[in-house]
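Asker: Encoded as structure tokens, here's the structure I'll be asking about.
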Amino acid sequence: MINRIKSYHLAFGVILFYLFLAIFAPIIANDKPVLCMTTETCLQPLIPYSPSTIHIEKCTSISPMTTVIDGTKHKHWLGTDRLGRDVASGMIHGSRISLMVGFISIIFIFIFGVSLGMLSAYNRQFGFGLNLFQIISILLTLVIGLFYLIFEFSNNTWFSIIGIVVFIGFLIALMYYLGNQMNGLKKYAISLDLILMKVIEARKSFPGMFLFLALTGIFALPSIWNVIFVISLLGWTEFARHARVETMSVLETNYITSARILGLSGFRILFKHVLPNILPTLWVLACFGVAGSILIESTLSYLGIGLPTETVTWGKMMAEGRNMQSWWMVVFPGLAIFSIIFSLNILANHLQKNMVE
Amino acid sequence: MLIFLLKRIFLFVPTLLLIVILAFFLSKMTPADPVETMLQMQGVTQDNNRSKQEYARIYQLLHLDKPDFYFSVIPDFYPDNVSQIIHQDNRHLAKSLLKQRIPYRSILQYLNAKDAFLTTAMADTILSKTLSTVIHKVQFENNVDQLVQMTKIRDTSDLLDESLVNAIVNMEQSRKSIYYPTFRWHGLDNQFHYWIKNLLKGDFGISSKDSRQVLPKVSIAMTWTLLLTILSLVFSILISVPFGLWSGMKEGSFFDKANRTLWLIFYAIPVFWLASMLIIYFTSDRFGSWMHIFPTPGLWYVPDGQSVLKSFFSFSNQLILPILVLIANDIAPLSTLIRNNVIEQKSKPYVLMAIAKGLSIRQILYKHILPNVMLPLITVVGGRFAASMSGALIVEVIFNIPGMGRLMFDSIYAADWNVVFAILMVLAVIAMLVLTISDILYAWADPRIRTKSIQL
């Protein structure tokens with residue numbers, strides 16, 4: 001049995017190792033030399049193949065460590081695929097895709113899910129009164145903003161879309177502020193919490209893989225950003241649920257009550273007093289979330305949906321390995337996915353244990 | 001209890017409506033043209049004079065010329081309904097020109113001028129090279145700036161007739177820079193209305209792959225998936241309950257640690273990796289004949305009319321591997337949950353009382369702790385059901401089981417969107433049913449909740 005402290009260090013090391021591979025992939029595995037002094041003295045990369053180098057004549061589907069005389073090149077450490085592309089090189093470049101999807105989608109999920117969860121918990125605890133002016137003006141702003149967003153989105157001008165989103169946010173804040181100045185109007189309680197709970201419940205009971213498959217299938221253009229978008233779109237509910245529960249327990253403490261008595265605004269309380277307290281739990285969740293995103297991405301690319309055909313990913317290599325019955329293309333990428341997910345899970349468990357104590 | 005049930009059913013309807021609306025708009029976003037696929041199914045080739053008439057006929061038959069929904073919120077320069085342009089290329093052209101903020105009136109003028117120009121230009125028997133490029137450009141160009149560019153070049157603009165040039169210039173001049181939203185009411189004569197009417201009749205449309213009705217196809221597949229999911233869930237509960245109970249009881253022992261590490265490892269193994277490895281190593285004799293334990297996957301032949309249950313049992317030897325794979329992923333969360341609950345329950349007074357009474361640990365575990373642990377298990381199993389179905393999708397694709405996952409996967413590749421959306425809606429109904437059933441079970445198992453719900 002490995003000591004717990006050691007296993008945690010090992011897990012962290014594995015994740016750092018994959019990050020290193022992903023960042024320096026073009027230097028580690030490439031068919032061009034890294035550095036050349038003269039035409040003879042060149043510093044070759046560790047694996048002198050790029051993931052897209054095709055060798056159909058001699059190197060199709062060779063198993064790992066078998067020596068093939070193919071001119072000047074080196075051994076294929078982990079074998080090659082049907083088109084003679086190096087598996088080791090493909091795995092190193094595939095780590096880029098996996099980690100990118102994992103970490104970028106978790107950023108979106110984190111921001112969206114946590115803010116919604118905290119808002120709804122605050123809403124449940126203290127009520128979130130809006131007067132008639134605020135309700136009508138904010139609803140109108142949202143509808144008109146959504147309208148312009150949809151019709152600008154079809155033009156695909158990112159600049160104007162970001163501009164519109166910022167403008168809508170500004171308008172809503174303005175309306176909220178203006179409404180607060182009108183003291184005479186009656187306030188109505190808005191139950192954001194109930195709606196959010198229903199959405200989370202519905203999402204949780206729906207088999208996610210079917211939705212992932214359908215949504216990535218509908219996007220006509222396969223690209224990594226579409227996959228990240230779909231993962232973020234469907235993944236935030238778990239974060240919102242946990243953030244909500246944690247925020248609710250923090251909001252019951254005395255220092256929040258005293259902050260409210262001091263007259264601090266709701267947003268200040270949430271960001272300055274609640275968020276630092278719930279962050280440890282969210283890190284645990286973020287670890288699980290990255291693992292989940294990586295798993296979903298590799299599953300989608302195993303099924304051959306979502307990512308462009310020319311990008312090499314772990315999932316795609318495994319799919320080909322299964323079709324061609326070549327064990328090395330299933331075992332090694334699978335081990336990579338397994339080790340990264342396992343490390344993230346161990347890390348999350350460790351964080352959780354630290355937090356409880 | 002009855003009030004509780006009625007409340008659940010009352011919540012059922014709006015959720016279902018929301019799902020149906022969502023599914024409809026998603027289906028509108030799909031890239032495929034349903035009429036085109038139907039024409040291909042009938043064997044009508046393109047570039048045929050009759051094919052245009054046939055296209056128009058089917059287009060109107062499917063009510064595609066109607067507006068999308070009961071109302072729409074669109075920019076002021078949009079027409080009420082773009083879909084009423086029956087000619088396919090012109091419709092796409094109009095849509096992309098509208099996106100470039102060109103008013104509909106100028107677009108119509110351009111479309112008329114374009115059609116007139118093309119008919120006269122095509123009538124020429126001898127096409128010069130420049131003329132043919134101009135025709136090609138007029139036919140397929142949808143960017144206004146490019147079209148305007150064409151009118152400015154001398155030798156191409158000479159070939160265009162005056163009305164076409166005027167129409168293009170008019171389009172460019174009347175281009176809107178500012179637009180505002182307008183609300184249009186379309187009434188009951190819209191696509192969504194016809195669609196939902198058909199849904200209520202149980203008509204989900206026709207699969208464009210084999211022109212069969214969608215619903216029977218999906219329901220057969222659904223039986224397979226449900227059988228697979230329920231079977232794997234039952235097995236994983238049967239395995240995880242004793243493991244969870246004992247490792248919770250002996251918290252901190254070697255058994256507990258080994259147990260948890262083992263299931264954590266199994267949890268981190270991707271479903272598709274385990275499945276691929278099992279297929280490669282255990283279903284062929286490439287690595288020695290003793291490794292050939294399980295039959296080769298994917299030899300499914302389900303005769304028409306044979307009941308699913310019968311074929312399920314006839315293929316049971318092929319289902320061992322898929323169910324094993326599904327179980328491996330399910331045990332970890334279930335057994336961890338049971339373990340943590342046992343640890344929580346263990347320190348309660350009633351357990352102390354049972355020990356004082358002189359009961360054995362086994363008796364305490366199975367008679368006193370287990371009923372209390374089963375309670376939270378019900379909600380988690382409801383949640384695991386969805387996860388199991390996700391797993392079933394991958395397993396079905398890998399092992400070629402003719403379930404819903406396999407059907408969905410094939411349909412997405414074949415752009416058979418009717419089937420995809422039927423599956424999504426069926427799944428939504430299943431999800432809601434599972435949620436309701438687990439709520440009811442929970443209320444049945446825990447008297448506190450039952451009484452609370454009646455009070456509400």
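We label chains A, B, ... in the order they appear in the structure tokens, count residues from 1 in each chain, and number ligands from 1 in the order shown.
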For the interface of chain B with chain A (cut-off 7 Å, counting only C-alpha atoms), please tabulate each contacting residue of chain B alongside its nearest pair of atoms and their separation in Å to one decimal, rows sorted by chain and increasing number, as JSON lines.
Answerer:
{"residue": "B:Thr30", "atom": "CA", "partner": "A:Ile218", "partner_atom": "CA", "distance": 5.4}
{"residue": "B:Pro31", "atom": "CA", "partner": "A:Ala220", "partner_atom": "CA", "distance": 6.6}
{"residue": "B:Lys99", "atom": "CA", "partner": "A:Asn155", "partner_atom": "CA", "distance": 6.6}
{"residue": "B:Ile265", "atom": "CA", "partner": "A:Phe342", "partner_atom": "CA", "distance": 6.8}
{"residue": "B:Ala268", "atom": "CA", "partner": "A:Phe342", "partner_atom": "CA", "distance": 5.2}
{"residue": "B:Ile269", "atom": "CA", "partner": "A:Phe338", "partner_atom": "CA", "distance": 5.3}
{"residue": "B:Pro270", "atom": "CA", "partner": "A:Phe338", "partner_atom": "CA", "distance": 6.7}
{"residue": "B:Trp273", "atom": "CA", "partner": "A:Gly334", "partner_atom": "CA", "distance": 5.7}
{"residue": "B:Ser276", "atom": "CA", "partner": "A:Arg322", "partner_atom": "CA", "distance": 6.0}
{"residue": "B:Met277", "atom": "CA", "partner": "A:Val330", "partner_atom": "CA", "distance": 6.9}
{"residue": "B:Ile280", "atom": "CA", "partner": "A:Gln325", "partner_atom": "CA", "distance": 6.3}
{"residue": "B:Gly383", "atom": "CA", "partner": "A:Ser205", "partner_atom": "CA", "distance": 5.8}
{"residue": "B:Ala386", "atom": "CA", "partner": "A:Pro207", "partner_atom": "CA", "distance": 4.3}
{"residue": "B:Ala387", "atom": "CA", "partner": "A:Pro207", "partner_atom": "CA", "distance": 5.8}
{"residue": "B:Met389", "atom": "CA", "partner": "A:Pro207", "partner_atom": "CA", "distance": 5.8}
{"residue": "B:Ser390", "atom": "CA", "partner": "A:Met209", "partner_atom": "CA", "distance": 4.8}
{"residue": "B:Ile412", "atom": "CA", "partner": "A:Gly217", "partner_atom": "CA", "distance": 6.2}
{"residue": "B:Ala428", "atom": "CA", "partner": "A:Phe206", "partner_atom": "CA", "distance": 6.4}
{"residue": "B:Ala431", "atom": "CA", "partner": "A:Ser205", "partner_atom": "CA", "distance": 5.2}
{"residue": "B:Leu435", "atom": "CA", "partner": "A:Ser205", "partner_atom": "CA", "distance": 6.8}
Asker: Could you give me, as a VMD selection string, the residues within 12 Å of Met197 of chain A, counting only C-alpha atoms and dropping anything in the same chain fewer than 6 positions from it?
Answerer: chain A and resid 116 to 117 120 to 121 124 191 203 to 204 237 to 238 240 to 242 244 to 245
Asker: Name all residues at most 10 Å from Phe183 of chain B (count only C-alpha atoms; drop same-chain ones fewer than 2 positions away) and give them as a PyMOL selection string.
Answerer: chain B and resi 71-76+80+181+185-186
Asker: Keeping C-alpha atoms, export the residues of the selection given above as a short mmCIF file (atom, residue, chain, number, x, y, z; two decimals), in the first residue's frame.
Answerer:
data_model
loop_
_atom_site.label_atom_id
_atom_site.label_comp_id
_atom_site.auth_asym_id
_atom_site.auth_seq_id
_atom_site.Cartn_x
_atom_site.Cartn_y
_atom_site.Cartn_z
CA PHE B 71 -44.81 33.96 -33.38
CA SER B 72 -41.38 35.29 -34.16
CA VAL B 73 -39.21 38.18 -33.08
CA ILE B 74 -37.17 39.25 -36.08
CA PRO B 75 -35.52 42.40 -37.45
CA ASP B 76 -37.76 44.92 -39.16
CA ASP B 80 -42.82 37.31 -42.23
CA PRO B 181 -36.79 43.98 -33.36
CA TRP B 185 -47.84 36.74 -35.04
CA HIS B 186 -48.31 33.79 -37.40
#
Asker: Interatomic distance between atom CA of Ser232 of chain B and atom CA of Ile323 of chain B?
Answerer: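 Atom-to-atom, atom CA of Ser232 of chain B to atom CA of Ile323 of chain B, that is 5.5 Å.
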Asker: Which neighbours of segment 111-113 of chain B fall inside 9 Å, counting only C-alpha atoms, when residues of the same chain fewer than 3 positions from it are skipped, and could you give them as a PyMOL selection string?
Answerer: chain B and resi 90+93-94+106-108+116-118+161+163-165+167
Asker: Quick one: everything within 12 Å of Ile102 of chain B, counting only C-alpha atoms, minus sequence neighbours fewer than 5 positions away in the same chain. Send it as a VMD selection string.
Answerer: chain B and resid 75 to 79 93 to 97 107 to 110 142 to 145 167 to 179
Asker: Tell me, which residues of segment 243-303 of chain A carry DSSP alpha helix (DSSP H), written as a PyMOL selection string?
Answerer: chain A and resi 243-251+254-261+266-268+275-302
Asker: Could you list, as an MDAnalysis selection string, every residue within 6 Å of segment 15-28 of chain A, counting only C-alpha atoms and ignoring same-chain residues fewer than 4 positions away?
Answerer: chainID A and resid 45:46 92:93 95:96
Asker: May I have the residues within 8 Å of Tyr70 of chain B as a short mmCIF file (atom, residue, chain, number, x, y, z; two decimals) with N, CA and C atoms, in the first residue's frame, using only C-alpha atoms and disregarding those fewer than 4 positions away in the same chain?
Answerer:
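Output contents, as saved in result.cif:
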data_model
loop_
_atom_site.label_atom_id
_atom_site.label_comp_id
_atom_site.auth_asym_id
_atom_site.auth_seq_id
_atom_site.Cartn_x
_atom_site.Cartn_y
_atom_site.Cartn_z
N TRP B 185 -46.97 37.83 -35.47
CA TRP B 185 -47.84 36.74 -35.04
C TRP B 185 -48.23 35.93 -36.27
N HIS B 186 -48.05 34.61 -36.22
CA HIS B 186 -48.31 33.79 -37.40
C HIS B 186 -49.58 32.96 -37.31
N GLY B 187 -50.14 32.82 -36.12
CA GLY B 187 -51.35 32.01 -36.00
C GLY B 187 -51.04 30.52 -35.93
N LEU B 188 -52.08 29.73 -36.06
CA LEU B 188 -51.93 28.28 -35.87
C LEU B 188 -51.30 27.57 -37.07
N ASP B 189 -51.29 28.25 -38.20
CA ASP B 189 -50.81 27.59 -39.43
C ASP B 189 -49.29 27.64 -39.49
N ASN B 190 -48.64 26.92 -38.58
CA ASN B 190 -47.17 26.95 -38.60
C ASN B 190 -46.59 25.54 -38.47
N PHE B 192 -44.49 24.19 -36.30
CA PHE B 192 -44.49 23.58 -34.97
C PHE B 192 -45.84 22.96 -34.64
N HIS B 193 -46.91 23.67 -35.06
CA HIS B 193 -48.25 23.17 -34.78
C HIS B 193 -48.48 21.82 -35.46
#
Asker: DSSP says strand (DSSP E) for which residues of segment 58-294 of chain B? Put them as a VMD selection string?
Answerer: chain B and resid 71 to 75 181 to 185
Asker: Mind pulling up the distance from atom CA of Met425 of chain B to atom CA of Ile19 of chain B?
Answerer: 7.2 Å
